[in-house]
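> Here it is: the structure, laid out below.
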Amino acid sequence: MKTVSVTEFRADLHGLLNAVGRTGEPLVLTKHGKPSAMVVSPQALNGKKWKLGQFRDSASIVGDLIAPMDEPCEALF
């Protein structure tokens, strides 16, 4: 699996996307040396069809989303 920085990905976007499509090898994008995202070819999805809203029934909202938090969540900042 090839790994490139986000900066390098931006600089050679078309070439890297073509390589992923041609070889089928996933591409890991890193920010500050840590994995941030992965680019995969459609073949890597094993023929699965993805469509908008397919996961709409797989999550639920628990609690009040509008109420202020008692303590800030450090993970979000």
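By convention here, the chains of the structure tokens are called A, B, ... in the order presented, each chain's residues are numbered starting at 1, and ligands are numbered starting at 1 in the order presented.
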If you run DSSP on this backbone, which residues of chain A come out as strand (DSSP E or B), and could you give them as a list in words?
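The strand (DSSP E or B) residues within chain A come out as Lys2, Thr3, Val4, Ser5, Leu27, Val28, Leu29, Thr30, Lys31, Lys34, Pro35, Ser36, Ala37, Met38 and Val39 of chain A.
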> Can you list every residue in chain A that DSSP puts in helix (DSSP H, G or I), as a count of residues only?
24
> Can you list, as a list in words, every protein, DNA or RNA residue that comes within 12 Å of Lys2 of chain A when you count only C-alpha atoms, leaving out same-chain residues fewer than 3 positions away?
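Those residues are Ser5, Phe9, Leu16, Ala19, Val20, Thr23, Gly24, Glu25, Pro26, Leu27, Val28, Leu29, Thr30, Pro35, Met38, Val39 and Val40 of chain A.
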> Let's have the selection written as a JSON list (two decimals), in the first residue's frame, with N, CA and C atoms.

[["chain", "number", "residue", "atom", "x", "y", "z"],
["A", 5, "SER", "N", 1.90, 12.13, 1.25],
["A", 5, "SER", "CA", 1.36, 13.24, 2.04],
["A", 5, "SER", "C", 0.25, 13.93, 1.24],
["A", 9, "PHE", "N", -0.12, 14.64, -2.75],
["A", 9, "PHE", "CA", -1.33, 14.22, -3.46],
["A", 9, "PHE", "C", -1.91, 15.38, -4.27],
["A", 16, "LEU", "N", -1.73, 10.31, -9.53],
["A", 16, "LEU", "CA", -1.95, 9.35, -8.45],
["A", 16, "LEU", "C", -3.32, 8.68, -8.57],
["A", 19, "ALA", "N", -3.10, 6.09, -11.23],
["A", 19, "ALA", "CA", -2.36, 4.91, -10.76],
["A", 19, "ALA", "C", -3.25, 4.02, -9.89],
["A", 20, "VAL", "N", -4.05, 4.61, -9.02],
["A", 20, "VAL", "CA", -4.96, 3.83, -8.18],
["A", 20, "VAL", "C", -5.98, 3.10, -9.06],
["A", 23, "THR", "N", -3.93, 0.23, -11.15],
["A", 23, "THR", "CA", -3.37, -0.90, -10.41],
["A", 23, "THR", "C", -4.33, -1.49, -9.38],
["A", 24, "GLY", "N", -5.28, -0.69, -8.90],
["A", 24, "GLY", "CA", -6.19, -1.16, -7.86],
["A", 24, "GLY", "C", -5.59, -1.10, -6.47],
["A", 25, "GLU", "N", -4.34, -0.64, -6.37],
["A", 25, "GLU", "CA", -3.67, -0.56, -5.07],
["A", 25, "GLU", "C", -4.15, 0.68, -4.31],
["A", 26, "PRO", "N", -4.60, 0.50, -3.06],
["A", 26, "PRO", "CA", -5.05, 1.65, -2.26],
["A", 26, "PRO", "C", -3.92, 2.64, -2.02],
["A", 27, "LEU", "N", -4.29, 3.89, -1.81],
["A", 27, "LEU", "CA", -3.34, 4.96, -1.55],
["A", 27, "LEU", "C", -3.71, 5.62, -0.23],
["A", 28, "VAL", "N", -2.77, 5.64, 0.72],
["A", 28, "VAL", "CA", -3.02, 6.24, 2.03],
["A", 28, "VAL", "C", -2.48, 7.66, 2.02],
["A", 29, "LEU", "N", -3.33, 8.62, 2.40],
["A", 29, "LEU", "CA", -2.93, 10.02, 2.49],
["A", 29, "LEU", "C", -2.59, 10.34, 3.94],
["A", 30, "THR", "N", -1.48, 11.05, 4.14],
["A", 30, "THR", "CA", -1.06, 11.38, 5.50],
["A", 30, "THR", "C", -1.02, 12.89, 5.71],
["A", 35, "PRO", "N", -1.73, 8.75, 9.14],
["A", 35, "PRO", "CA", -2.75, 8.45, 8.14],
["A", 35, "PRO", "C", -4.01, 9.29, 8.35],
["A", 38, "MET", "N", -7.93, 7.39, 2.86],
["A", 38, "MET", "CA", -7.49, 6.36, 1.93],
["A", 38, "MET", "C", -8.26, 6.52, 0.63],
["A", 39, "VAL", "N", -7.54, 6.41, -0.48],
["A", 39, "VAL", "CA", -8.15, 6.44, -1.81],
["A", 39, "VAL", "C", -8.12, 5.02, -2.34],
["A", 40, "VAL", "N", -9.31, 4.50, -2.71],
["A", 40, "VAL", "CA", -9.38, 3.14, -3.25],
["A", 40, "VAL", "C", -10.08, 3.16, -4.59]]
> Between atom CA of His32 of chain A and atom CA of Arg10 of chain A, what is the distance in Å, rounded to a tenth?
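Computing it gives 14.7 Å between the two atoms.
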> So the first atom is atom CA of Val4 of chain A and the second is atom CA of Ser41 of chain A; what is the distance between them in Å, to one decimal place?
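Computing the Euclidean distance for atom CA of Val4 of chain A and atom CA of Ser41 of chain A yields 16.2 Å.
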> What separation in Å, quoted to one decimal, exists between atom CA of Ala44 of chain A and atom CA of Leu17 of chain A?
13.8 Å
